[in-house]
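Participant: Following this line is run28.cif, made up of mmCIF, C-alpha atoms:
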data_protein
#
loop_
_atom_site.label_atom_id
_atom_site.label_comp_id
_atom_site.auth_asym_id
_atom_site.auth_seq_id
_atom_site.Cartn_x
_atom_site.Cartn_y
_atom_site.Cartn_z
CA MET A 146 0.00 0.00 0.00
CA GLY A 147 3.05 2.26 -0.05
CA GLU A 148 2.21 4.15 -3.21
CA VAL A 149 -1.34 5.41 -2.55
CA SER A 150 -1.37 9.05 -1.54
CA PRO A 151 -2.85 9.81 1.90
CA LEU A 152 -5.09 12.39 0.22
CA ILE A 153 -6.74 9.71 -1.88
CA ILE A 154 -7.30 7.59 1.20
CA LEU A 155 -8.85 10.59 2.92
CA VAL A 156 -11.34 11.20 0.10
CA ALA A 157 -12.09 7.50 -0.20
CA ALA A 158 -12.73 7.13 3.52
CA ILE A 159 -15.24 9.97 3.41
CA PHE A 160 -17.13 9.18 0.23
CA THR A 161 -16.53 5.88 -1.55
CA ASN A 162 -15.73 3.70 1.45
CA ASN A 163 -17.79 5.54 4.04
CA ILE A 164 -17.22 3.81 7.32
CA LEU A 165 -20.89 3.84 8.32
CA LEU A 166 -22.58 3.31 4.97
CA ALA A 167 -20.15 0.86 3.37
CA ASN A 168 -18.51 -0.83 6.36
CA PHE A 169 -21.40 -0.62 8.85
CA LEU A 170 -19.24 0.59 11.71
CA GLY A 171 -20.58 2.68 14.57
CA MET A 172 -24.20 1.67 14.15
CA CYS A 173 -25.09 1.44 17.86
CA SER A 174 -24.46 5.04 18.73
CA PHE A 175 -25.63 6.01 15.26
CA LEU A 176 -29.21 4.92 15.92
CA ALA A 177 -29.22 6.46 19.38
CA VAL A 178 -28.03 9.94 18.47
CA SER A 179 -29.19 10.41 14.89
CA LYS A 180 -32.51 11.86 15.96
CA ARG A 181 -31.33 15.47 16.19
CA ILE A 182 -28.79 17.28 14.04
CA ASP A 183 -27.00 19.11 16.87
CA THR A 184 -26.35 16.02 19.01
CA ALA A 185 -25.26 14.16 15.89
CA ALA A 186 -22.76 16.89 15.05
CA GLY A 187 -21.48 16.98 18.67
CA LEU A 188 -20.81 13.26 18.76
CA GLY A 189 -19.34 13.46 15.27
CA ALA A 190 -16.78 16.05 16.34
CA ALA A 191 -15.73 13.89 19.29
CA VAL A 192 -15.45 10.84 17.04
CA ILE A 193 -13.26 12.66 14.49
CA PHE A 194 -10.89 13.79 17.24
CA VAL A 195 -10.63 10.46 19.04
CA MET A 196 -10.45 8.41 15.85
CA THR A 197 -7.58 10.42 14.35
CA PHE A 198 -5.44 10.21 17.47
CA THR A 199 -6.17 6.62 18.47
CA THR A 200 -5.34 5.45 14.95
CA ALA A 201 -1.98 7.23 15.16
CA ILE A 202 -1.23 5.82 18.64
CA ASN A 203 -2.33 2.32 17.69
CA TYR A 204 -0.12 2.47 14.61
CA GLY A 205 2.88 3.22 16.79
CA VAL A 206 2.01 0.59 19.37
CA TYR A 207 1.39 -2.09 16.75
CA HIS A 208 4.45 -1.54 14.59
CA HIS A 209 6.95 -0.61 17.28
CA VAL A 210 5.86 -2.73 20.23
CA LEU A 211 3.67 -5.64 19.15
CA VAL A 212 5.42 -6.61 15.91
CA PRO A 213 8.99 -6.63 17.30
CA THR A 214 7.92 -8.66 20.34
CA GLY A 215 5.79 -11.05 18.29
CA LEU A 216 2.66 -10.32 20.31
CA THR A 217 0.41 -9.30 17.43
CA PHE A 218 -2.30 -11.71 18.58
CA LEU A 219 -2.82 -9.37 21.54
CA SER A 220 -3.65 -6.47 19.24
CA PHE A 221 -7.39 -6.51 20.02
CA ILE A 222 -6.96 -6.10 23.74
CA ILE A 223 -4.15 -3.55 23.39
CA PHE A 224 -6.13 -1.44 20.93
CA ILE A 225 -9.22 -1.34 23.10
CA ALA A 226 -7.07 -0.46 26.12
CA VAL A 227 -5.42 2.38 24.19
CA ILE A 228 -8.80 3.70 23.09
CA ALA A 229 -10.28 3.51 26.60
CA ALA A 230 -7.23 5.17 28.13
CA PHE A 231 -7.15 7.90 25.49
CA VAL A 232 -10.84 8.71 25.94
CA GLN A 233 -10.40 8.83 29.70
CA PHE A 234 -7.40 11.11 29.33
CA VAL A 235 -9.17 13.45 26.92
CA GLU A 236 -12.12 13.61 29.25
CA MET A 237 -9.96 14.66 32.21
CA PHE A 238 -7.98 17.09 30.08
CA VAL A 239 -11.02 18.78 28.58
CA GLU A 240 -12.77 18.97 31.93
CA ARG A 241 -9.75 20.68 33.47
CA PHE A 242 -8.90 23.15 30.73
CA SER A 243 -12.09 23.87 28.83
CA PRO A 244 -15.30 23.46 30.82
CA ALA A 245 -17.34 24.85 27.90
CA LEU A 246 -16.05 22.19 25.54
CA TYR A 247 -16.58 19.61 28.26
CA HIS A 248 -20.23 20.54 28.46
CA ALA A 249 -20.55 20.26 24.69
CA LEU A 250 -18.64 17.00 24.21
CA GLY A 251 -18.46 15.53 27.71
CA ILE A 252 -21.54 13.35 27.58
CA PHE A 253 -20.42 11.82 24.30
CA LEU A 254 -16.94 10.84 25.38
CA PRO A 255 -17.78 7.69 27.38
CA LEU A 256 -20.00 6.57 24.50
CA ILE A 257 -17.02 6.61 22.21
CA THR A 258 -15.09 3.83 23.94
CA VAL A 259 -17.75 1.37 22.87
CA ASN A 260 -18.15 2.88 19.41
CA CYS A 261 -17.05 0.07 17.15
CA ALA A 262 -16.02 2.52 14.42
CA ILE A 263 -13.01 3.60 16.49
CA LEU A 264 -11.74 0.06 16.99
CA GLY A 265 -12.75 -0.86 13.47
CA VAL A 266 -10.56 1.83 11.92
CA SER A 267 -7.54 0.56 13.85
CA LEU A 268 -8.25 -3.01 12.73
CA PHE A 269 -8.70 -1.98 9.10
CA MET A 270 -5.40 -0.09 9.31
CA ILE A 271 -3.61 -3.33 10.21
CA ILE A 272 -5.43 -5.47 7.65
CA ARG A 273 -4.80 -3.03 4.81
CA ASN A 274 -1.19 -2.48 5.85
CA TYR A 275 -1.26 1.32 5.80
CA THR A 276 1.78 3.49 6.39
CA PHE A 277 1.71 6.06 9.19
CA MET A 278 0.49 8.99 7.08
CA GLN A 279 -2.07 6.77 5.35
CA SER A 280 -3.33 5.60 8.74
CA VAL A 281 -3.78 9.11 10.05
CA ALA A 282 -5.56 10.15 6.83
CA PHE A 283 -7.76 7.07 7.10
CA GLY A 284 -8.57 7.77 10.75
CA PHE A 285 -9.44 11.41 10.09
CA GLY A 286 -11.36 10.64 6.91
CA GLY A 287 -13.22 7.81 8.63
CA GLY A 288 -14.33 10.20 11.35
CA VAL A 289 -15.41 12.87 8.87
CA GLY A 290 -17.28 10.31 6.78
CA TRP A 291 -19.06 8.94 9.84
CA THR A 292 -20.04 12.45 10.93
CA LEU A 293 -21.26 13.34 7.44
CA ALA A 294 -23.47 10.25 7.28
CA ILE A 295 -24.88 10.66 10.77
CA VAL A 296 -25.66 14.38 10.32
CA LEU A 297 -27.36 13.80 6.97
CA ILE A 298 -29.50 11.02 8.40
CA ALA A 299 -30.32 13.04 11.51
CA GLY A 300 -31.68 15.69 9.16
CA LEU A 301 -33.87 13.13 7.42
CA ARG A 302 -35.07 11.65 10.69
CA GLN A 303 -36.03 15.09 11.99
CA LYS A 304 -38.19 15.65 8.92
CA MET A 305 -39.63 12.19 9.21
CA ARG A 306 -41.41 13.02 12.42
CA TYR A 307 -44.00 14.74 10.24
CA SER A 308 -44.47 11.93 7.75
CA ILE A 309 -46.89 9.06 7.91
CA VAL A 310 -44.93 5.85 8.41
CA PRO A 311 -46.57 2.40 8.34
CA VAL A 312 -47.02 1.29 11.95
CA PRO A 313 -44.60 -1.69 12.03
CA PHE A 314 -41.90 0.45 10.44
CA LYS A 315 -42.04 3.21 13.08
CA GLY A 316 -38.78 3.94 14.81
CA VAL A 317 -35.74 1.83 14.05
CA ALA A 318 -37.08 -0.06 11.05
CA ILE A 319 -37.69 3.01 8.92
CA ALA A 320 -34.37 4.48 10.07
CA MET A 321 -32.64 1.38 8.68
CA VAL A 322 -34.47 1.68 5.39
CA ILE A 323 -33.57 5.35 4.90
CA THR A 324 -29.98 4.53 5.82
CA GLY A 325 -30.11 1.93 3.06
CA VAL A 326 -31.31 4.55 0.60
CA MET A 327 -28.55 6.89 1.79
CA ALA A 328 -26.01 4.10 1.26
CA MET A 329 -27.33 3.71 -2.26
CA ALA A 330 -26.82 7.42 -2.87
CA PHE A 331 -23.24 7.17 -1.61
CA MET A 332 -22.63 4.30 -4.02
CA GLY A 333 -22.85 6.99 -6.67
CA PHE A 334 -19.39 8.10 -5.56
CA ALA A 335 -17.96 4.67 -6.31
CA GLY A 336 -15.33 4.75 -9.00
CA MET A 337 -14.33 8.31 -8.15
CA VAL A 338 -11.33 6.95 -6.30
CA THR A 339 -10.60 3.32 -5.56
CA ILE A 340 -8.72 1.94 -2.63
CA GLN A 341 -8.74 -1.41 -1.04
CA MET B 4 -42.79 5.77 21.56
CA ALA B 5 -41.23 4.30 24.66
CA HIS B 6 -40.01 1.38 22.57
CA ASN B 7 -37.55 3.58 20.75
CA ASP B 8 -35.92 4.66 23.95
CA GLN B 9 -34.46 1.17 24.18
CA VAL B 10 -32.20 1.97 21.28
CA VAL B 11 -29.34 2.84 23.57
CA CYS B 12 -26.20 0.80 23.89
CA ALA B 13 -26.80 -1.31 26.95
CA THR B 14 -23.36 -0.38 28.19
CA CYS B 15 -24.25 3.27 28.21
CA GLY B 16 -27.51 3.39 30.07
CA GLY B 17 -30.41 1.33 28.77
CA SER B 18 -30.63 -2.27 29.84
CA GLY B 19 -32.88 -5.12 28.87
CA PRO B 20 -35.16 -6.91 31.26
CA CYS B 21 -33.08 -9.47 33.14
CA ASP B 22 -35.36 -11.00 35.74
CA GLY B 23 -36.05 -14.33 34.04
CA LYS B 24 -34.50 -17.58 35.14
CA GLY B 25 -33.96 -20.86 33.31
CA ARG B 26 -36.45 -21.32 30.52
CA GLU B 27 -37.58 -17.75 30.88
CA THR B 28 -33.99 -16.58 30.32
CA LEU B 29 -33.72 -18.63 27.16
CA ARG B 30 -37.05 -17.43 25.82
CA ALA B 31 -36.21 -13.81 26.60
CA GLY B 32 -32.86 -13.95 24.83
CA VAL B 33 -34.11 -15.63 21.70
CA TRP B 34 -37.51 -14.04 21.21
CA VAL B 35 -39.01 -11.58 23.72
CA THR B 36 -35.99 -9.31 24.03
CA ASN B 37 -34.09 -10.51 20.99
CA PRO B 38 -30.85 -8.51 21.01
CA VAL B 39 -31.02 -7.57 17.33
CA SER B 40 -34.66 -7.12 16.43
CA VAL B 41 -35.93 -5.72 19.74
CA GLN B 42 -33.00 -4.03 21.43
CA VAL B 43 -31.21 -3.22 18.17
CA LEU B 44 -27.80 -4.03 19.61
CA GLY B 45 -24.76 -5.35 17.83
CA ILE B 46 -26.08 -4.57 14.40
CA CYS B 47 -22.72 -3.51 12.94
CA SER B 48 -21.78 -7.12 12.38
CA ALA B 49 -25.38 -8.13 11.71
CA LEU B 50 -25.15 -5.92 8.64
CA ALA B 51 -21.56 -6.48 7.63
CA VAL B 52 -21.21 -10.25 7.53
CA THR B 53 -24.65 -11.29 6.33
CA ASN B 54 -23.94 -11.14 2.60
CA LYS B 55 -23.39 -14.90 2.78
CA LEU B 56 -25.28 -17.44 4.86
CA GLU B 57 -22.08 -19.26 5.84
CA ASN B 58 -20.44 -16.09 7.19
CA SER B 59 -23.58 -15.25 9.14
CA LEU B 60 -23.62 -18.62 10.88
CA VAL B 61 -19.91 -18.47 11.77
CA MET B 62 -20.44 -15.02 13.23
CA GLY B 63 -23.43 -16.32 15.19
CA ALA B 64 -21.27 -19.15 16.55
CA ALA B 65 -18.63 -16.60 17.56
CA LEU B 66 -21.20 -14.59 19.48
CA ILE B 67 -22.49 -17.69 21.27
CA PHE B 68 -18.96 -18.75 22.23
CA VAL B 69 -17.91 -15.30 23.46
CA GLY B 70 -21.25 -14.66 25.15
CA VAL B 71 -21.27 -17.91 27.12
CA GLY B 72 -17.61 -17.60 28.10
CA THR B 73 -17.85 -13.96 29.11
CA ASN B 74 -21.02 -14.39 31.12
CA LEU B 75 -19.56 -17.40 32.94
CA PHE B 76 -16.39 -15.59 33.98
CA VAL B 77 -18.03 -12.27 34.78
CA SER B 78 -20.48 -14.16 36.95
CA LEU B 79 -17.77 -16.22 38.68
CA LEU B 80 -15.79 -13.08 39.44
CA ARG B 81 -18.77 -10.90 40.30
CA ASN B 82 -18.15 -10.95 44.06
CA VAL B 83 -14.45 -10.14 43.87
CA THR B 84 -14.53 -7.48 41.13
CA PRO B 85 -14.44 -3.96 42.57
CA ARG B 86 -17.37 -1.98 41.14
CA ARG B 87 -15.20 0.85 39.91
CA ILE B 88 -13.12 -1.26 37.56
CA ARG B 89 -15.80 -3.74 36.52
CA MET B 90 -16.04 -2.31 32.99
CA ILE B 91 -12.37 -2.76 32.23
CA ALA B 92 -12.49 -6.25 33.77
CA GLU B 93 -15.43 -7.12 31.52
CA VAL B 94 -13.64 -5.79 28.45
CA ALA B 95 -10.54 -7.83 29.32
CA ILE B 96 -12.62 -11.02 29.65
CA ILE B 97 -14.47 -10.35 26.41
CA ALA B 98 -11.26 -9.59 24.54
CA THR B 99 -9.70 -12.82 25.80
CA PHE B 100 -12.53 -14.93 24.39
CA VAL B 101 -12.56 -12.98 21.14
CA ILE B 102 -8.83 -13.55 20.73
CA ILE B 103 -9.28 -17.28 21.37
CA PHE B 104 -12.01 -17.51 18.74
CA ASP B 105 -10.00 -15.42 16.29
CA GLN B 106 -6.94 -17.64 16.72
CA ILE B 107 -9.00 -20.80 16.20
CA LEU B 108 -10.50 -19.30 13.08
CA LYS B 109 -7.08 -18.28 11.78
CA ALA B 110 -5.62 -21.71 12.49
CA TYR B 111 -8.35 -23.89 10.98
CA TYR B 112 -10.51 -21.71 8.72
CA TRP B 113 -8.15 -19.19 7.18
CA GLU B 114 -10.47 -18.38 4.28
CA MET B 115 -13.35 -17.61 6.62
CA SER B 116 -11.08 -15.52 8.83
CA LYS B 117 -10.07 -13.49 5.76
CA GLN B 118 -13.67 -12.90 4.76
CA LEU B 119 -14.85 -11.82 8.19
CA GLY B 120 -11.92 -9.43 8.36
CA PRO B 121 -12.07 -6.98 11.26
CA TYR B 122 -15.57 -7.98 12.31
CA VAL B 123 -14.40 -10.81 14.55
CA GLY B 124 -12.26 -8.34 16.50
CA LEU B 125 -15.19 -5.98 16.63
CA ILE B 126 -17.13 -8.45 18.79
CA ILE B 127 -15.24 -6.76 21.64
CA THR B 128 -17.26 -3.62 21.12
CA ASN B 129 -20.44 -5.55 20.36
CA CYS B 130 -23.01 -4.10 22.71
CA ILE B 131 -24.78 -7.43 23.16
CA ILE B 132 -21.89 -9.09 24.98
CA MET B 133 -21.05 -6.12 27.17
CA GLY B 134 -24.72 -5.44 27.78
CA ARG B 135 -25.47 -8.98 28.95
CA ALA B 136 -22.38 -9.08 31.15
CA GLU B 137 -23.39 -5.79 32.72
CA ALA B 138 -27.13 -6.36 32.96
CA PHE B 139 -27.25 -10.07 33.74
CA ALA B 140 -24.02 -11.86 34.62
CA LEU B 141 -23.01 -9.23 37.16
CA SER B 142 -25.96 -10.08 39.37
CA ASN B 143 -26.67 -13.76 38.68
CA ARG B 144 -25.22 -17.21 39.34
CA PRO B 145 -22.77 -18.72 36.84
CA VAL B 146 -25.04 -21.38 35.32
CA VAL B 147 -27.99 -19.13 34.62
CA SER B 148 -25.57 -16.51 33.32
CA MET B 149 -24.13 -18.99 30.84
CA LEU B 150 -27.67 -19.79 29.77
CA ASP B 151 -28.33 -16.11 29.27
CA GLY B 152 -25.21 -15.78 27.13
CA LEU B 153 -26.30 -18.81 25.12
CA ALA B 154 -29.82 -17.44 24.66
CA ASN B 155 -28.69 -14.04 23.50
CA GLY B 156 -26.06 -15.54 21.23
CA LEU B 157 -28.74 -17.81 19.76
CA GLY B 158 -31.13 -14.91 19.30
CA TYR B 159 -28.39 -13.06 17.47
CA ALA B 160 -27.41 -16.09 15.40
CA VAL B 161 -31.00 -16.76 14.35
CA VAL B 162 -31.50 -13.19 13.14
CA LEU B 163 -28.18 -13.24 11.29
CA GLY B 164 -29.12 -16.58 9.75
CA ILE B 165 -32.42 -15.19 8.47
CA ILE B 166 -30.83 -12.06 7.02
CA GLY B 167 -27.94 -14.05 5.54
CA PHE B 168 -30.35 -16.55 3.99
CA PHE B 169 -32.34 -13.90 2.14
CA ARG B 170 -29.37 -11.75 1.18
CA GLU B 171 -27.44 -14.63 -0.35
CA LEU B 172 -30.52 -16.15 -1.97
CA VAL B 173 -31.78 -12.93 -3.55
CA GLY B 174 -28.35 -11.43 -4.17
CA THR B 175 -26.70 -14.40 -5.87
CA GLY B 176 -29.38 -17.08 -6.24
CA ALA B 177 -27.23 -19.41 -4.16
CA LEU B 178 -27.14 -20.86 -0.63
CA PHE B 179 -23.85 -21.86 1.02
CA GLY B 180 -22.30 -21.16 -2.39
CA HIS B 181 -24.47 -23.72 -4.23
CA GLN B 182 -26.73 -22.38 -6.97
CA VAL B 183 -30.33 -22.89 -5.82
CA LEU B 184 -32.30 -20.66 -8.13
CA GLY B 185 -31.63 -21.65 -11.72
CA ALA B 186 -29.05 -19.44 -13.40
CA ASP B 187 -30.99 -19.68 -16.68
CA TRP B 188 -34.11 -17.90 -15.40
CA TYR B 189 -33.08 -16.09 -12.21
CA THR B 190 -31.30 -12.74 -12.51
CA PRO B 191 -29.54 -12.05 -9.19
CA ASN B 192 -30.45 -8.76 -7.56
CA GLN B 193 -26.95 -7.65 -6.68
CA LEU B 194 -28.19 -4.80 -4.52
CA MET B 195 -28.89 -7.32 -1.78
CA ILE B 196 -25.27 -8.32 -1.32
CA LEU B 197 -24.10 -4.70 -1.34
CA ALA B 198 -24.30 -2.32 1.60
CA PRO B 199 -27.76 -0.79 0.94
CA GLY B 200 -29.34 -4.25 0.77
CA ALA B 201 -28.11 -4.97 4.30
CA PHE B 202 -29.76 -1.91 5.78
CA ILE B 203 -33.00 -2.45 3.92
CA ALA B 204 -33.14 -6.17 4.77
CA LEU B 205 -32.64 -5.47 8.48
CA GLY B 206 -35.23 -2.67 8.36
CA PHE B 207 -37.83 -5.01 6.90
CA LEU B 208 -36.93 -7.76 9.37
CA ILE B 209 -37.47 -5.43 12.32
CA ALA B 210 -40.73 -4.23 10.78
CA LEU B 211 -41.87 -7.85 10.37
CA TYR B 212 -41.00 -8.60 13.98
CA ASN B 213 -42.94 -5.51 15.08
CA ALA B 214 -45.90 -6.59 12.97
CA ILE B 215 -45.93 -10.08 14.51
CA THR B 216 -45.55 -8.93 18.11
CA GLY B 217 -47.59 -5.78 17.69
CA ILE B 218 -45.08 -3.75 19.71
CA ASN B 219 -45.62 -0.50 17.87
CA LYS B 220 -49.39 -0.87 17.85
CA LEU B 221 -49.56 -0.69 21.61
CA GLU B 222 -47.05 2.05 22.14
CA GLY B 223 -47.52 4.00 18.96
CA LYS B 224 -51.12 4.88 19.75
CA GLY B 225 -50.35 8.05 21.60
CA SER B 226 -47.92 9.49 19.11
#
Can the structure in the file be given as structure tokens, please?
Facilitator:
Amino acid sequence: MGEVSPLIILVAAIFTNNILLANFLGMCSFLAVSKRIDTAAGLGAAVIFVMTFTTAINYGVYHHVLVPTGLTFLSFIIFIAVIAAFVQFVEMFVERFSPALYHALGIFLPLITVNCAILGVSLFMIIRNYTFMQSVAFGFGGGVGWTLAIVLIAGLRQKMRYSIVPVPFKGVAIAMVITGVMAMAFMGFAGMVTIQ
Amino acid sequence: MAHNDQVVCATCGGSGPCDGKGRETLRAGVWVTNPVSVQVLGICSALAVTNKLENSLVMGAALIFVGVGTNLFVSLLRNVTPRRIRMIAEVAIIATFVIIFDQILKAYYWEMSKQLGPYVGLIITNCIIMGRAEAFALSNRPVVSMLDGLANGLGYAVVLGIIGFFRELVGTGALFGHQVLGADWYTPNQLMILAPGAFIALGFLIALYNAITGINKLEGKGS
């Protein structure tokens, strides 16, 4: 994967290989917070931040600690520990230095540890054998793509409160169907750039 | 719409009913509070791996294995785990079982391991496992906790099996890789094996479940 420019990976992670719509990552918190645009954007910002940095840290840990010591089979547990520790650290840091930001993002931070998109990006990074810059671009782009998808769908779900939905479809079921339609729309970007 | 309020990761607030014992536990996990169709937990993998029936069943088996193992150990250690660090202890137990399953898969079913990709590792953040450990195993005896893990794993596996069955059948006309619908008259609807098909299939499955149980009819009246 050495030759693909990080910029291409960034664009691909946002549009053609959207982490939510093409790889289905981060669905749990997606359904919970995609009811209002402002909460969706708040969680999205926190996800972008955490995802970018945890991908970078996990890259370092994997290639400079786990590979040399031959402990790559422990990568799952190490990655989740790094993510949990990073989120905890950010939470303390933000609370101490920026109470305003803490009020805006604070409630979302604990949610992020269990957001499978964060762990998923780190795992994809290993499987696809990205370099450091590619990993950071992928982490950042993954976060932006996730935020884009969740904000767009929050907008649709807000409007949908005023539409007549068949009774069995109310709630989650119709949300899944409109996400499917959104995924179809994003397939229109396919071919713009291709990465694996 | 109180039903919708359940759509919260069980680890972060909402929790399923957990008062059943024995047969009740099993029935709750598989049908009444089915983790996928009722609580809408762990759907990342329910969407990602269901493009083939075989993948769906392996993933279901993984969930059963990890669920039973995690619930057993969380339950055994429930009296010695300090409350403050119980989350990290749970994650460590879950990760251990996921690693074991992943290593088995890599050793004996390399092709399958390749196809499932990162989604085996993502069982660690699967809300079902964490949710059951937190909501059930932490306050129940080991045997009934194992049963609860089994029931929820089964509930998950059954839903994945159904979705995988229809996606593979409609998307490729095959089941387990064998052509079932004649290639001469059936034109596969490729949308079903792509991402949008997964969302739409799960949406219709949840709607069908709601229609059978009448959940929305009772609670949707007021809204």
Participant: Find the residues near Thr28 in chain B: any atom within 12 Å, counting only C-alpha atoms, skip ones fewer than 5 places away on the same chain, and give them as a count of residues only.
Facilitator: 26
Participant: Please compute the CA of Val83 in chain B-CA of Cys261 in chain A distance, one decimal, in Å.
Facilitator: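 Calculated distance between CA of Val83 in chain B and CA of Cys261 in chain A is 28.7 Å.
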Participant: Quick one: residues within 10 Å of range 290-303 of chain A, all atoms listed in the file, excluding same-chain residues fewer than 4 positions away - as a ChimeraX atom specification?
Facilitator: /A:155-166,169-172,174-176,178-193,262,284-286,307-308,316,319-320,323-324,327-328,331
Participant: Point out the residue among B:Tyr112, B:Phe100, B:Phe179, B:Tyr212 with the least atom-to-atom distance to Leu60 in chain B, counting only C-alpha atoms.
Facilitator: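 Using only C-alpha atoms, Leu60 in chain B sits closest to B:Phe179.
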Participant: What is the CA of Val326 in chain A to CA of Val289 in chain A distance in Å?
Facilitator: 19.8 Å
Participant: On this structure, which residues satisfy the PyMOL selection byres ((chain B and resi 53) around 12), written as a PyMOL selection string?
Facilitator: (chain A and resi 169) or (chain B and resi 46-52+54-63+118-119+122+159-172+174+179+195-198+200-202+204-205)
Participant: Run the PyMOL selection byres ((chain A) within 6 of (chain B)) mentally over the shown coordinates, then write out the matched residues as a PyMOL selection string, using the chain letters and numbers from the document.
Facilitator: chain A and resi 167+169-170+172+177+222+259+261+268+313-314+318+321-322+325+328-329
Participant: With only C-alpha atoms as the counted atoms, please give the residues lying no more than 10 Å from Thr199 in chain A, apart from itself and same-chain residues fewer than 5 positions off, as a VMD selection string.
Facilitator: chain A and resid 194 204 to 205 224 to 225 227 to 232 263 to 264 266 to 267 281 284
Participant: Selection from above, C-alpha atoms, as a short mmCIF file (atom, residue, chain, number, x, y, z; two decimals), keeping the file's coordinate frame, can you write it?
Facilitator:
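The resulting selection_22.cif:
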data_model
loop_
_atom_site.label_atom_id
_atom_site.label_comp_id
_atom_site.auth_asym_id
_atom_site.auth_seq_id
_atom_site.Cartn_x
_atom_site.Cartn_y
_atom_site.Cartn_z
CA PHE A 194 -10.89 13.79 17.24
CA TYR A 204 -0.12 2.47 14.61
CA GLY A 205 2.88 3.22 16.79
CA PHE A 224 -6.13 -1.44 20.93
CA ILE A 225 -9.22 -1.34 23.10
CA VAL A 227 -5.42 2.38 24.19
CA ILE A 228 -8.80 3.70 23.09
CA ALA A 229 -10.28 3.51 26.60
CA ALA A 230 -7.23 5.17 28.13
CA PHE A 231 -7.15 7.90 25.49
CA VAL A 232 -10.84 8.71 25.94
CA ILE A 263 -13.01 3.60 16.49
CA LEU A 264 -11.74 0.06 16.99
CA VAL A 266 -10.56 1.83 11.92
CA SER A 267 -7.54 0.56 13.85
CA VAL A 281 -3.78 9.11 10.05
CA GLY A 284 -8.57 7.77 10.75
#
Participant: Measure the distance from CA of Met337 in chain A to CA of Pro151 in chain A in Å and round it to one decimal.
Facilitator: 15.3 Å
Participant: Please list as a PDB file with C-alpha atoms, in the frame of the given file every residue within 10 Å of Leu80 in chain B, counting only C-alpha atoms and excluding residues in the same chain fewer than 4 positions away.
Facilitator:
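The resulting file, selection_32.pdb, is shown below:
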ATOM      1  CA  ASN B  74     -21.020 -14.390  31.120  1.00  0.00           C
ATOM      2  CA  LEU B  75     -19.560 -17.400  32.940  1.00  0.00           C
ATOM      3  CA  PHE B  76     -16.390 -15.590  33.980  1.00  0.00           C
ATOM      4  CA  THR B  84     -14.530  -7.480  41.130  1.00  0.00           C
ATOM      5  CA  PRO B  85     -14.440  -3.960  42.570  1.00  0.00           C
ATOM      6  CA  ARG B  89     -15.800  -3.740  36.520  1.00  0.00           C
ATOM      7  CA  ALA B  92     -12.490  -6.250  33.770  1.00  0.00           C
ATOM      8  CA  GLU B  93     -15.430  -7.120  31.520  1.00  0.00           C
ATOM      9  CA  ALA B 140     -24.020 -11.860  34.620  1.00  0.00           C
ATOM     10  CA  LEU B 141     -23.010  -9.230  37.160  1.00  0.00           C
ATOM     11  CA  PRO B 145     -22.770 -18.720  36.840  1.00  0.00           C
TER      12      PRO B 145
END
Participant: For range 131-138 of chain B, which lacks atoms in the input, supply N, CA, C and O atoms and format the output as a PDB file, in the coordinates of the input.
Facilitator:
ATOM      1  N   ILE B 131     -24.027  -6.321  22.582  1.00  0.00           N
ATOM      2  CA  ILE B 131     -24.780  -7.430  23.160  1.00  0.00           C
ATOM      3  C   ILE B 131     -23.988  -8.073  24.299  1.00  0.00           C
ATOM      4  O   ILE B 131     -24.487  -8.269  25.399  1.00  0.00           O
ATOM      5  N   ILE B 132     -22.722  -8.382  24.008  1.00  0.00           N
ATOM      6  CA  ILE B 132     -21.890  -9.090  24.980  1.00  0.00           C
ATOM      7  C   ILE B 132     -21.720  -8.248  26.241  1.00  0.00           C
ATOM      8  O   ILE B 132     -21.982  -8.693  27.358  1.00  0.00           O
ATOM      9  N   MET B 133     -21.272  -7.018  26.045  1.00  0.00           N
ATOM     10  CA  MET B 133     -21.050  -6.120  27.170  1.00  0.00           C
ATOM     11  C   MET B 133     -22.362  -5.891  27.916  1.00  0.00           C
ATOM     12  O   MET B 133     -22.397  -5.892  29.143  1.00  0.00           O
ATOM     13  N   GLY B 134     -23.428  -5.714  27.166  1.00  0.00           N
ATOM     14  CA  GLY B 134     -24.720  -5.440  27.780  1.00  0.00           C
ATOM     15  C   GLY B 134     -25.191  -6.596  28.647  1.00  0.00           C
ATOM     16  O   GLY B 134     -25.676  -6.394  29.757  1.00  0.00           O
ATOM     17  N   ARG B 135     -25.028  -7.832  28.163  1.00  0.00           N
ATOM     18  CA  ARG B 135     -25.470  -8.980  28.950  1.00  0.00           C
ATOM     19  C   ARG B 135     -24.579  -9.171  30.172  1.00  0.00           C
ATOM     20  O   ARG B 135     -25.045  -9.541  31.241  1.00  0.00           O
ATOM     21  N   ALA B 136     -23.281  -8.941  30.004  1.00  0.00           N
ATOM     22  CA  ALA B 136     -22.380  -9.080  31.150  1.00  0.00           C
ATOM     23  C   ALA B 136     -22.782  -8.084  32.237  1.00  0.00           C
ATOM     24  O   ALA B 136     -22.869  -8.422  33.417  1.00  0.00           O
ATOM     25  N   GLU B 137     -23.046  -6.864  31.792  1.00  0.00           N
ATOM     26  CA  GLU B 137     -23.390  -5.790  32.720  1.00  0.00           C
ATOM     27  C   GLU B 137     -24.770  -5.998  33.335  1.00  0.00           C
ATOM     28  O   GLU B 137     -24.959  -5.863  34.537  1.00  0.00           O
ATOM     29  N   ALA B 138     -25.745  -6.329  32.481  1.00  0.00           N
ATOM     30  CA  ALA B 138     -27.130  -6.360  32.960  1.00  0.00           C
ATOM     31  C   ALA B 138     -27.490  -7.692  33.604  1.00  0.00           C
ATOM     32  O   ALA B 138     -28.391  -7.753  34.425  1.00  0.00           O
TER      33      ALA B 138
END
